[in-house]
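A.B. asks: Structure file work-v8.cif (mmCIF, C-alpha atoms) right here:
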data_coords
#
loop_
_atom_site.label_atom_id
_atom_site.label_comp_id
_atom_site.auth_asym_id
_atom_site.auth_seq_id
_atom_site.Cartn_x
_atom_site.Cartn_y
_atom_site.Cartn_z
CA MET A 27 3.59 27.57 23.48
CA SER A 28 3.72 26.28 19.91
CA HIS A 29 6.87 24.44 20.86
CA THR A 30 5.00 22.67 23.64
CA ILE A 31 2.17 21.64 21.32
CA LEU A 32 4.62 20.16 18.83
CA LEU A 33 6.61 18.32 21.47
CA TRP A 34 3.52 16.81 23.06
CA SER A 35 2.03 15.71 19.76
CA LEU A 36 5.34 14.19 18.67
CA THR A 37 5.67 12.37 21.99
CA TYR A 38 2.12 11.07 21.65
CA ALA A 39 2.85 9.90 18.10
CA GLN A 40 6.01 8.13 19.21
CA LEU A 41 4.13 6.31 21.97
CA ALA A 42 1.23 5.37 19.68
CA LEU A 43 3.51 4.07 16.95
CA ALA A 44 5.64 2.11 19.41
CA LEU A 45 2.46 0.55 20.80
CA ALA A 46 1.31 -0.27 17.25
CA ALA A 47 4.63 -1.98 16.59
CA CYS A 48 4.22 -3.99 19.81
CA LEU A 49 0.69 -5.08 18.81
CA ALA A 50 2.01 -6.25 15.45
CA GLY A 51 4.79 -8.07 17.28
CA ILE A 52 2.24 -9.93 19.41
CA ARG A 53 0.50 -11.02 16.22
CA ILE A 54 3.80 -12.33 14.81
CA VAL A 55 4.21 -14.53 17.87
CA ARG A 56 0.58 -15.63 17.97
CA GLY A 57 0.18 -16.53 14.32
CA PRO A 58 -1.83 -18.70 13.87
CA ARG A 59 -0.79 -19.29 10.25
CA ALA A 60 2.22 -18.29 8.20
CA GLN A 61 0.31 -15.66 6.20
CA ASP A 62 -0.75 -13.95 9.43
CA ARG A 63 2.87 -13.70 10.45
CA VAL A 64 3.94 -12.21 7.11
CA LEU A 65 1.11 -9.68 7.30
CA ALA A 66 2.11 -8.82 10.86
CA LEU A 67 5.71 -8.34 9.76
CA ASP A 68 4.50 -5.92 7.10
CA THR A 69 2.49 -3.97 9.69
CA LEU A 70 5.52 -3.92 11.99
CA TYR A 71 7.66 -2.53 9.17
CA ILE A 72 5.24 0.30 8.53
CA ALA A 73 4.88 1.22 12.20
CA VAL A 74 8.64 1.28 12.72
CA MET A 75 9.14 3.31 9.57
CA LEU A 76 6.62 5.91 10.76
CA LEU A 77 8.35 5.91 14.16
CA PHE A 78 11.61 6.75 12.40
CA LEU A 79 9.87 9.60 10.55
CA VAL A 80 8.45 11.07 13.75
CA THR A 81 11.75 10.73 15.60
CA GLY A 82 13.46 12.38 12.64
CA MET A 83 11.05 15.32 12.89
CA ARG A 84 11.84 15.63 16.57
CA LEU A 85 15.60 15.47 16.25
CA GLY A 86 15.85 17.25 12.92
CA SER A 87 18.24 14.60 11.64
CA ILE A 88 18.23 13.75 7.95
CA PHE A 89 19.69 10.28 8.49
CA LEU A 90 16.50 9.02 10.06
CA PHE A 91 14.59 9.94 6.89
CA GLU A 92 17.05 8.00 4.79
CA ALA A 93 16.65 5.06 7.15
CA ALA A 94 12.85 5.29 6.93
CA MET A 95 13.06 5.24 3.13
CA VAL A 96 15.29 2.19 3.15
CA ILE A 97 12.92 0.41 5.56
CA ALA A 98 9.94 1.20 3.32
CA VAL A 99 11.65 -0.31 0.27
CA MET A 100 13.22 -3.31 2.03
CA GLY A 101 9.97 -4.18 3.79
CA PHE A 102 8.23 -4.39 0.44
CA VAL A 103 10.83 -6.71 -1.05
CA ALA A 104 10.86 -8.95 2.03
CA SER A 105 7.08 -9.29 2.19
CA ILE A 106 6.82 -10.03 -1.53
CA ALA A 107 9.46 -12.74 -1.23
CA LEU A 108 7.68 -14.30 1.74
CA ALA A 109 4.28 -14.17 0.01
CA LYS A 110 5.76 -15.79 -3.08
CA PHE A 111 7.24 -18.47 -0.87
CA LEU A 112 3.82 -19.19 0.64
CA PHE A 113 2.58 -19.78 -2.91
CA ARG A 114 5.23 -22.22 -3.99
CA GLY A 115 7.01 -23.75 -1.04
CA GLU A 116 5.80 -26.09 1.61
CA VAL A 117 5.79 -24.12 4.81
CA ILE A 118 6.30 -26.09 7.98
CA GLU A 119 4.12 -24.63 10.69
CA MET B 9 19.42 3.22 -32.22
CA ILE B 10 18.20 5.60 -29.56
CA GLY B 11 15.30 3.24 -28.96
CA ARG B 12 17.69 0.36 -28.26
CA LEU B 13 19.86 2.41 -25.95
CA LEU B 14 17.01 4.02 -24.06
CA PRO B 15 13.94 1.81 -24.22
CA HIS B 16 12.09 3.80 -21.58
CA PRO B 17 13.19 7.46 -21.90
CA LEU B 18 10.55 8.79 -19.49
CA LEU B 19 11.49 6.30 -16.78
CA VAL B 20 15.18 7.15 -17.19
CA LEU B 21 14.48 10.88 -16.91
CA VAL B 22 12.29 10.50 -13.84
CA LEU B 23 14.76 8.21 -12.10
CA ALA B 24 17.71 10.47 -12.83
CA GLY B 25 15.72 13.47 -11.60
CA MET B 26 14.78 11.66 -8.42
CA TRP B 27 18.38 10.68 -7.82
CA MET B 28 19.47 14.32 -8.19
CA VAL B 29 16.86 15.60 -5.78
CA LEU B 30 17.55 12.91 -3.19
CA THR B 31 21.29 13.55 -3.17
CA ARG B 32 23.20 16.79 -3.63
CA PHE B 33 23.53 18.44 -7.00
CA SER B 34 26.98 17.77 -8.45
CA LEU B 35 28.52 16.44 -11.64
CA GLY B 36 29.46 13.12 -10.05
CA ASN B 37 25.95 12.57 -8.79
CA LEU B 38 24.51 13.47 -12.19
CA LEU B 39 26.71 10.89 -13.92
CA LEU B 40 25.99 8.22 -11.31
CA GLY B 41 22.26 8.93 -11.38
CA MET B 42 22.15 8.82 -15.18
CA GLY B 43 24.09 5.54 -15.18
CA ILE B 44 21.75 3.92 -12.70
CA ALA B 45 18.67 5.26 -14.51
CA ILE B 46 19.85 3.91 -17.89
CA PHE B 47 20.62 0.56 -16.31
CA ALA B 48 17.15 0.51 -14.73
CA GLY B 49 15.69 1.28 -18.16
CA TRP B 50 17.41 -1.80 -19.61
CA ALA B 51 16.26 -3.92 -16.69
CA MET B 52 12.69 -2.70 -17.25
CA HIS B 53 13.00 -3.48 -20.95
CA ALA B 54 14.18 -7.01 -20.19
CA LEU B 55 11.30 -7.55 -17.79
CA GLN B 56 8.47 -6.23 -19.93
CA PRO B 57 9.28 -5.74 -23.59
CA GLU B 58 5.91 -4.44 -24.80
CA ARG B 59 4.79 -0.90 -24.19
CA VAL B 60 1.72 -0.06 -22.19
CA PRO B 61 -0.80 1.73 -24.37
CA MET B 62 -2.23 4.85 -22.80
CA ARG B 63 -5.22 5.97 -24.85
CA SER B 64 -6.34 9.02 -22.99
CA LEU B 65 -5.07 10.87 -19.97
CA ARG B 66 -8.02 13.23 -19.66
CA VAL B 67 -9.74 11.17 -16.98
CA MET B 68 -6.59 10.86 -14.89
CA PRO B 69 -7.26 13.92 -12.65
CA ARG B 70 -10.84 12.75 -12.08
CA LEU B 71 -9.55 9.28 -11.16
CA VAL B 72 -7.05 10.69 -8.66
CA GLY B 73 -9.68 13.00 -7.16
CA THR B 74 -12.25 10.22 -6.76
CA LEU B 75 -9.63 7.97 -5.22
CA PHE B 76 -8.56 10.68 -2.75
CA VAL B 77 -12.11 11.30 -1.52
CA ASP B 78 -12.81 7.56 -1.42
CA ILE B 79 -9.72 6.85 0.68
CA ILE B 80 -10.63 9.50 3.27
CA ARG B 81 -14.23 8.26 3.42
CA SER B 82 -13.31 4.62 3.85
CA ASN B 83 -10.56 5.45 6.36
CA VAL B 84 -13.18 7.03 8.60
CA MET B 85 -15.57 4.13 8.07
CA VAL B 86 -13.07 1.35 8.79
CA ALA B 87 -11.56 3.17 11.79
CA ARG B 88 -15.05 3.61 13.28
CA LEU B 89 -15.93 -0.03 12.65
CA LEU B 90 -12.71 -1.19 14.25
CA LEU B 91 -13.28 0.96 17.33
CA THR B 92 -16.96 0.32 17.92
CA GLU B 93 -16.93 -3.20 16.44
CA GLY B 94 -20.56 -4.13 16.81
CA ARG B 95 -19.68 -7.80 16.95
CA GLY B 96 -23.04 -8.94 15.67
CA ARG B 97 -23.61 -6.10 13.22
CA ARG B 98 -20.48 -6.25 11.08
CA THR B 99 -19.86 -9.23 8.90
CA SER B 100 -17.29 -9.33 6.16
CA ALA B 101 -18.06 -10.94 2.84
CA PHE B 102 -16.52 -12.23 -0.35
CA LEU B 103 -17.88 -10.51 -3.45
CA LEU B 104 -17.81 -11.98 -6.94
CA ILE B 105 -17.90 -9.13 -9.42
CA PRO B 106 -17.93 -9.54 -13.20
CA VAL B 107 -15.78 -6.79 -14.69
CA LYS B 108 -15.63 -5.59 -18.29
CA LEU B 109 -12.08 -4.31 -18.01
CA ARG B 110 -9.67 -6.64 -19.82
CA SER B 111 -6.36 -4.81 -20.18
CA PRO B 112 -3.74 -6.28 -17.81
CA THR B 113 -2.38 -2.86 -16.85
CA GLY B 114 -5.86 -1.56 -16.17
CA LEU B 115 -6.58 -4.55 -13.96
CA ALA B 116 -3.29 -4.02 -12.13
CA VAL B 117 -4.18 -0.38 -11.45
CA LEU B 118 -7.66 -1.40 -10.34
CA ALA B 119 -6.11 -3.93 -7.96
CA ILE B 120 -3.87 -1.29 -6.40
CA ILE B 121 -6.76 1.18 -6.12
CA LEU B 122 -9.07 -1.32 -4.45
CA THR B 123 -6.46 -2.67 -2.07
CA ALA B 124 -5.11 0.76 -1.13
CA THR B 125 -8.62 1.83 -0.14
CA PRO B 126 -9.35 0.52 3.35
CA GLY B 127 -12.36 -1.77 3.44
CA THR B 128 -11.76 -3.67 0.22
CA ALA B 129 -9.08 -6.22 -0.57
CA TRP B 130 -8.41 -7.82 -3.92
CA VAL B 131 -8.34 -11.60 -3.60
CA GLU B 132 -8.34 -12.99 -7.10
CA TYR B 133 -9.15 -12.39 -10.75
CA VAL B 134 -10.29 -15.33 -12.83
CA SER B 135 -9.23 -14.47 -16.35
CA GLU B 136 -11.39 -17.11 -18.10
CA THR B 137 -14.65 -15.67 -16.83
CA GLY B 138 -13.53 -12.11 -16.13
CA THR B 139 -14.69 -12.43 -12.54
CA LEU B 140 -13.10 -10.46 -9.78
CA VAL B 141 -13.10 -11.78 -6.22
CA LEU B 142 -13.07 -9.06 -3.59
CA HIS B 143 -13.13 -9.31 0.15
CA VAL B 144 -15.05 -6.47 1.78
CA PHE B 145 -14.73 -5.57 5.42
CA HIS B 146 -18.29 -4.35 5.83
CA GLY B 147 -20.55 -6.83 4.09
CA ALA B 148 -23.61 -4.56 4.33
CA GLU B 149 -22.01 -2.16 1.83
CA SER B 150 -21.66 -4.79 -0.91
CA ALA B 151 -23.99 -2.93 -3.27
CA HIS B 152 -21.90 0.22 -2.89
CA TYR B 153 -18.68 -1.59 -3.81
CA LEU B 154 -20.36 -3.28 -6.76
CA HIS B 155 -21.39 0.16 -7.98
CA VAL B 156 -17.92 1.62 -7.37
CA VAL B 157 -16.12 -1.11 -9.32
CA ASN B 158 -18.51 -1.33 -12.24
CA ASN B 159 -19.66 2.26 -12.66
CA VAL B 160 -16.87 4.44 -11.27
CA TYR B 161 -13.38 2.97 -11.57
CA GLY B 162 -14.09 0.41 -14.29
CA PRO B 163 -15.18 2.86 -17.00
CA MET B 164 -12.45 5.35 -16.09
CA LEU B 165 -9.72 2.71 -16.39
CA GLN B 166 -11.27 1.41 -19.59
CA GLU B 167 -11.08 4.90 -21.03
CA ILE B 168 -7.42 5.19 -20.08
CA PHE B 169 -6.12 1.77 -21.09
CA GLU B 170 -8.49 0.39 -23.73
CA MET C 9 16.30 20.10 18.40
CA SER C 10 17.12 21.96 15.23
CA GLY C 11 14.45 24.41 14.29
CA VAL C 12 11.49 22.91 16.14
CA GLU C 13 11.52 25.88 18.55
CA THR C 14 11.12 28.43 15.77
CA VAL C 15 7.88 27.05 14.32
CA PRO C 16 5.05 29.59 14.68
CA MET C 17 1.70 28.79 16.26
CA TRP C 18 -0.34 28.76 13.02
CA LEU C 19 1.91 26.10 11.56
CA SER C 20 2.42 23.98 14.65
CA ILE C 21 -1.32 23.28 15.00
CA PRO C 22 -1.73 21.60 11.57
CA ILE C 23 1.55 19.74 12.04
CA ALA C 24 0.42 18.44 15.43
CA LEU C 25 -2.99 17.55 14.00
CA PHE C 26 -1.55 15.56 11.08
CA VAL C 27 0.93 13.74 13.30
CA ILE C 28 -1.80 12.81 15.78
CA VAL C 29 -4.25 11.70 13.08
CA GLY C 30 -1.59 9.64 11.32
CA SER C 31 -0.27 7.88 14.40
CA THR C 32 -3.76 7.29 15.82
CA LEU C 33 -4.93 5.67 12.59
CA THR C 34 -1.85 3.45 12.59
CA LEU C 35 -2.56 2.48 16.18
CA ILE C 36 -6.23 1.73 15.44
CA GLY C 37 -5.14 -0.37 12.49
CA ALA C 38 -2.68 -2.37 14.62
CA TRP C 39 -5.27 -2.75 17.38
CA GLY C 40 -7.85 -4.07 14.95
CA PHE C 41 -5.21 -6.28 13.41
CA LEU C 42 -4.66 -7.92 16.78
CA ARG C 43 -8.35 -8.25 17.61
CA LEU C 44 -9.99 -9.42 14.38
CA SER C 45 -10.53 -13.14 14.20
CA SER C 46 -10.10 -14.23 10.58
CA PHE C 47 -7.18 -13.68 8.22
CA TYR C 48 -9.27 -12.05 5.51
CA ASP C 49 -10.63 -9.54 8.04
CA ARG C 50 -7.15 -8.78 9.27
CA LEU C 51 -6.10 -8.05 5.72
CA HIS C 52 -8.00 -4.75 5.95
CA ALA C 53 -6.38 -3.41 9.11
CA PRO C 54 -2.93 -2.44 7.76
CA THR C 55 -4.46 -0.37 4.97
CA LEU C 56 -5.37 2.21 7.60
CA ALA C 57 -1.67 2.59 8.37
CA THR C 58 -0.65 2.68 4.72
CA SER C 59 -3.19 5.22 3.50
CA TRP C 60 -3.74 8.04 5.97
CA GLY C 61 -1.42 6.79 8.67
CA THR C 62 1.57 7.26 6.41
CA GLY C 63 -0.04 10.19 4.62
CA GLY C 64 -0.64 12.14 7.81
CA VAL C 65 2.82 11.65 9.26
CA ALA C 66 4.53 12.35 5.92
CA LEU C 67 2.44 15.50 5.40
CA ALA C 68 3.34 16.78 8.87
CA SER C 69 6.99 16.03 8.25
CA ALA C 70 6.86 17.84 4.92
CA LEU C 71 5.22 20.89 6.52
CA LEU C 72 7.87 21.02 9.24
CA ALA C 73 10.69 20.58 6.74
CA SER C 74 9.34 23.31 4.48
CA TRP C 75 9.43 25.75 7.43
CA VAL C 76 12.82 24.75 8.78
CA GLN C 77 14.13 24.59 5.19
CA ASP C 78 17.15 22.50 5.94
CA ARG C 79 16.36 19.97 3.26
CA PRO C 80 13.96 19.39 0.37
CA ILE C 81 10.77 17.46 1.14
CA VAL C 82 11.40 14.73 -1.43
CA HIS C 83 11.99 12.01 1.14
CA GLU C 84 8.44 12.24 2.39
CA LEU C 85 7.06 12.08 -1.13
CA VAL C 86 9.17 9.05 -1.97
CA ILE C 87 8.15 7.28 1.25
CA CYS C 88 4.49 8.12 0.69
CA PHE C 89 4.62 6.80 -2.86
CA ALA C 90 6.62 3.72 -1.91
CA VAL C 91 4.20 2.77 0.83
CA THR C 92 0.87 3.52 -0.85
CA ALA C 93 1.89 1.88 -4.12
CA THR C 94 3.75 -1.17 -2.87
CA VAL C 95 1.88 -2.34 0.21
CA PRO C 96 -1.27 -3.11 -1.84
CA VAL C 97 0.87 -5.41 -3.98
CA THR C 98 2.00 -7.25 -0.86
CA LEU C 99 -1.54 -7.50 0.51
CA MET C 100 -2.87 -8.78 -2.80
CA LEU C 101 -0.19 -11.43 -3.07
CA LEU C 102 -0.79 -12.49 0.53
CA ALA C 103 -4.54 -12.75 -0.05
CA ARG C 104 -3.98 -14.93 -3.11
CA ALA C 105 -1.44 -17.07 -1.29
CA SER C 106 -3.87 -17.49 1.57
CA LEU C 107 -6.72 -18.47 -0.76
CA HIS C 108 -4.39 -20.90 -2.52
CA ARG C 109 -3.49 -22.55 0.77
CA ASP C 110 -7.14 -22.62 1.87
CA ARG C 111 -8.04 -24.39 -1.37
CA MET C 112 -5.34 -26.96 -0.81
CA GLU C 113 -6.96 -27.75 2.50
CA ASN C 114 -10.61 -27.19 1.51
CA ALA C 115 -10.95 -24.74 4.38
CA ALA C 116 -14.41 -24.42 5.89
CA HIS C 117 -14.37 -20.64 6.40
CA VAL C 118 -14.13 -19.88 2.69
CA PRO C 119 -17.39 -19.90 0.69
CA PRO C 120 -17.63 -23.11 -1.41
CA GLU C 121 -18.05 -21.25 -4.71
CA LEU C 122 -14.61 -19.74 -4.17
CA LEU C 123 -13.05 -23.11 -3.66
CA LEU C 124 -14.28 -24.04 -7.13
CA THR C 125 -13.12 -20.98 -9.09
CA ARG C 126 -9.58 -22.22 -9.47
CA PRO C 127 -8.51 -22.38 -13.14
CA ARG C 128 -9.32 -25.87 -14.37
CA PRO C 129 -6.68 -27.62 -16.46
CA GLU C 130 -9.25 -29.53 -18.57
CA LYS C 131 -9.89 -26.37 -20.60
CA PRO C 132 -6.37 -25.60 -21.83
CA SER C 133 -7.53 -23.32 -24.66
CA GLU C 134 -8.88 -20.78 -22.20
CA VAL C 135 -5.93 -20.63 -19.86
CA ALA C 136 -4.02 -17.38 -20.13
CA PRO C 137 -0.27 -17.71 -20.74
CA SER C 138 0.60 -16.13 -17.40
CA SER C 139 -1.30 -18.79 -15.48
CA SER C 140 0.33 -21.71 -17.26
CA GLU C 141 3.48 -21.52 -15.14
CA LYS C 142 3.66 -24.10 -12.46
#
What does the file become when written as structure tokens?
C.D. replies:
Amino acid sequence: MSHTILLWSLTYAQLALALAACLAGIRIVRGPRAQDRVLALDTLYIAVMLLFLVTGMRLGSIFLFEAAMVIAVMGFVASIALAKFLFRGEVIE
Amino acid sequence: MIGRLLPHPLLVLVLAGMWMVLTRFSLGNLLLGMGIAIFAGWAMHALQPERVPMRSLRVMPRLVGTLFVDIIRSNVMVARLLLTEGRGRRTSAFLLIPVKLRSPTGLAVLAIILTATPGTAWVEYVSETGTLVLHVFHGAESAHYLHVVNNVYGPMLQEIFE
Amino acid sequence: MSGVETVPMWLSIPIALFVIVGSTLTLIGAWGFLRLSSFYDRLHAPTLATSWGTGGVALASALLASWVQDRPIVHELVICFAVTATVPVTLMLLARASLHRDRMENAAHVPPELLLTRPRPEKPSEVAPSSSEK
């Protein structure tokens, strides 16, 4: 019984997070401006990272947690670099 | 001598500890973790040579507690607003708030607190006038945010950093 | 499927609850992010995912790991800290970049008093050293 509850909630979480990642992906395509796309990329990073966490819980694999950690850190660096670029550079839209 | 070699002893200790817990405990990992931590200490030293003064840590637990409750409260509020979205009822607003806090570290912590809390986003700080520009999601709560910045977080951070 | 079967009822309910709350908040945030019309409004949506979205999922993961006991729960703590402490920095920088670009274009959707608050170079004595870089 408890196994069923866990499996269903984890499946629900996986679906919800995948949907969240898709919504962020739509925003990346739609724009309209460069800062919207960077923000959407950041949201996408977080959703995918949480998806990795949930999948890791389901499979009991430690590698997925390592991957989630790397995504969290890399996403930060990438977004900072892009935001800095919006400050300085001329962005062709 | 020890100050030159280890400019940030606490940072080095924490980093080495984190490295040990994240990997497996062994002599090789200890050496590698210590090496990386000491290197990170030098990098930190090169980036920011002056030390951050911490006057008092007594208010720290109160700050964390207030922040925790605030984050839960505003999570509920923003989630509800996003779901119901009374198109006509919710308007966002820019707030110009004069703040007394002057220490750069204190302002940085305030920025992280305000941005981490759903509902408020830090836009700018004008250092000449000491004015803070916030964007709030629910414009009707402007008075509440004004109170929170000036009477709750501001004094606490001033006590810690000034 | 290592260990998920052995979790007792009293523990599986809070784990399920935290996972559901966390993922639902992330979904609401992404949904709002897609629907809101202005950039500054959209800036608020991802904070739902970074505060309790991440918190809920990480807490559930930590609870599960502490029962199964195959590894320490440090990863969750590191992720939680990394996300809640670094995403605000990104959002702040993006907001400032956006305001900067709006000023360059004199955008109509920004209040006029904000378009004027940019540091003026005719008062060089007041300019802080950090803002003198160009």
A.B. asks: Taking the file as shown, what set of residues would the PyMOL selection byres ((chain A and resi 75) around 8) give back, as an mmCIF file with C-alpha atoms, in the coordinates of the input?
C.D. replies:
data_model
loop_
_atom_site.group_PDB
_atom_site.id
_atom_site.type_symbol
_atom_site.label_atom_id
_atom_site.label_comp_id
_atom_site.auth_asym_id
_atom_site.auth_seq_id
_atom_site.Cartn_x
_atom_site.Cartn_y
_atom_site.Cartn_z
ATOM 1 C CA TYR A 71 7.660 -2.530 9.170
ATOM 2 C CA ILE A 72 5.240 0.300 8.530
ATOM 3 C CA ALA A 73 4.880 1.220 12.200
ATOM 4 C CA VAL A 74 8.640 1.280 12.720
ATOM 5 C CA LEU A 76 6.620 5.910 10.760
ATOM 6 C CA LEU A 77 8.350 5.910 14.160
ATOM 7 C CA PHE A 78 11.610 6.750 12.400
ATOM 8 C CA LEU A 79 9.870 9.600 10.550
ATOM 9 C CA ALA A 94 12.850 5.290 6.930
ATOM 10 C CA MET A 95 13.060 5.240 3.130
ATOM 11 C CA ILE A 97 12.920 0.410 5.560
ATOM 12 C CA ALA A 98 9.940 1.200 3.320
#
A.B. asks: Any idea what's packed within 7 Å of region 96-109 of chain C, counting all atoms listed in the file, ignoring anything in its chain fewer than 5 positions away? Could you give it as a ChimeraX atom specification?
C.D. replies: /A:61,102,105-106,109,112-113 /B:120,123-124,130-132 /C:51
A.B. asks: Could you work out which residues of chain A fall inside 12 Å of chain B? Count all atoms listed in the file, and format the result as a PyMOL selection string.
C.D. replies: chain A and resi 88+91-92+95
A.B. asks: Evaluate the PyMOL selection byres ((chain B and resi 161) around 10) on the structure here and hand back the selected residues as a PyMOL selection string.
C.D. replies: chain B and resi 71+74-75+109+114+117-118+121-122+155-160+162-167
A.B. asks: Specify as a VMD selection string each residue included when the PyMOL selection byres ((chain C) within 9 of (chain B)) is applied to this file.
C.D. replies: chain C and resid 33 36 to 37 39 to 40 43 to 44 48 to 49 51 to 56 58 to 60 80 82 to 83 86 92 to 97 99 to 104 107 118 to 119 122 125 to 127 134 to 136
A.B. asks: Measure the distance from CA of Leu23 (chain B) to CA of Ala54 (chain B) in Å and round it to one decimal.
C.D. replies: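 Distance between the two atoms: 17.2 Å.
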A.B. asks: How many Å lie between CA of Val77 (chain B) and CA of Thr32 (chain C), rounded to one decimal?
C.D. replies: 19.7 Å
A.B. asks: What are the residues of chain C lining chain A at 6 Å or less? Count only C-alpha atoms, and put the answer as a list in words.
C.D. replies: Met9, Ser10, Glu13, Met17, Ser20, Ala24, Ile28, Ser31, Leu35, Ala38, Pro54, Ile87, Thr98, Leu102 and Ala105 of chain C
A.B. asks: Take the residues that were just selected and, keeping C-alpha atoms, output them as a PDB file, keeping the file's coordinate frame.
C.D. replies:
ATOM      1  CA  MET C   9      16.300  20.100  18.400  1.00  0.00           C
ATOM      2  CA  SER C  10      17.120  21.960  15.230  1.00  0.00           C
ATOM      3  CA  GLU C  13      11.520  25.880  18.550  1.00  0.00           C
ATOM      4  CA  MET C  17       1.700  28.790  16.260  1.00  0.00           C
ATOM      5  CA  SER C  20       2.420  23.980  14.650  1.00  0.00           C
ATOM      6  CA  ALA C  24       0.420  18.440  15.430  1.00  0.00           C
ATOM      7  CA  ILE C  28      -1.800  12.810  15.780  1.00  0.00           C
ATOM      8  CA  SER C  31      -0.270   7.880  14.400  1.00  0.00           C
ATOM      9  CA  LEU C  35      -2.560   2.480  16.180  1.00  0.00           C
ATOM     10  CA  ALA C  38      -2.680  -2.370  14.620  1.00  0.00           C
ATOM     11  CA  PRO C  54      -2.930  -2.440   7.760  1.00  0.00           C
ATOM     12  CA  ILE C  87       8.150   7.280   1.250  1.00  0.00           C
ATOM     13  CA  THR C  98       2.000  -7.250  -0.860  1.00  0.00           C
ATOM     14  CA  LEU C 102      -0.790 -12.490   0.530  1.00  0.00           C
ATOM     15  CA  ALA C 105      -1.440 -17.070  -1.290  1.00  0.00           C
TER      16      ALA C 105
END
A.B. asks: Between CA of Gly64 (chain C) and CA of Met85 (chain B), what is the distance in Å, rounded to a tenth?
C.D. replies: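 Computing the Euclidean distance for CA of Gly64 (chain C) and CA of Met85 (chain B) yields 16.9 Å.
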A.B. asks: Env of Ala45 (chain B): 8 Å cut, atoms = all atoms listed in the file, seq-sep filter 6 positions within chain, self excluded. Answer as a ChimeraX atom specification.
C.D. replies: /B:19-21,23-24
A.B. asks: Under the rule that only C-alpha atoms are counted, which of C:Val27, C:Trp18, C:Asn114, C:Phe47 is the nearest residue to Ala66 (chain C)?
C.D. replies: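 Among the listed residues, the smallest separation from Ala66 (chain C) belongs to C:Val27.
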A.B. asks: Ranking B:Gly138, B:Pro106, B:Gly25, B:Pro15 by minimum distance to Phe47 (chain B) and counting only C-alpha atoms, which one comes first?
C.D. replies: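 Counting only C-alpha atoms, the residue closest to Phe47 (chain B) is B:Pro15.
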A.B. asks: Fewer than 4 positions away in the same chain doesn't count, so skip those; otherwise give me all residues within 12 Å of Val22 (chain B), counting all atoms listed in the file, as a VMD selection string.
C.D. replies: chain B and resid 16 to 18 26 to 29 41 to 42 44 to 46 48 to 49
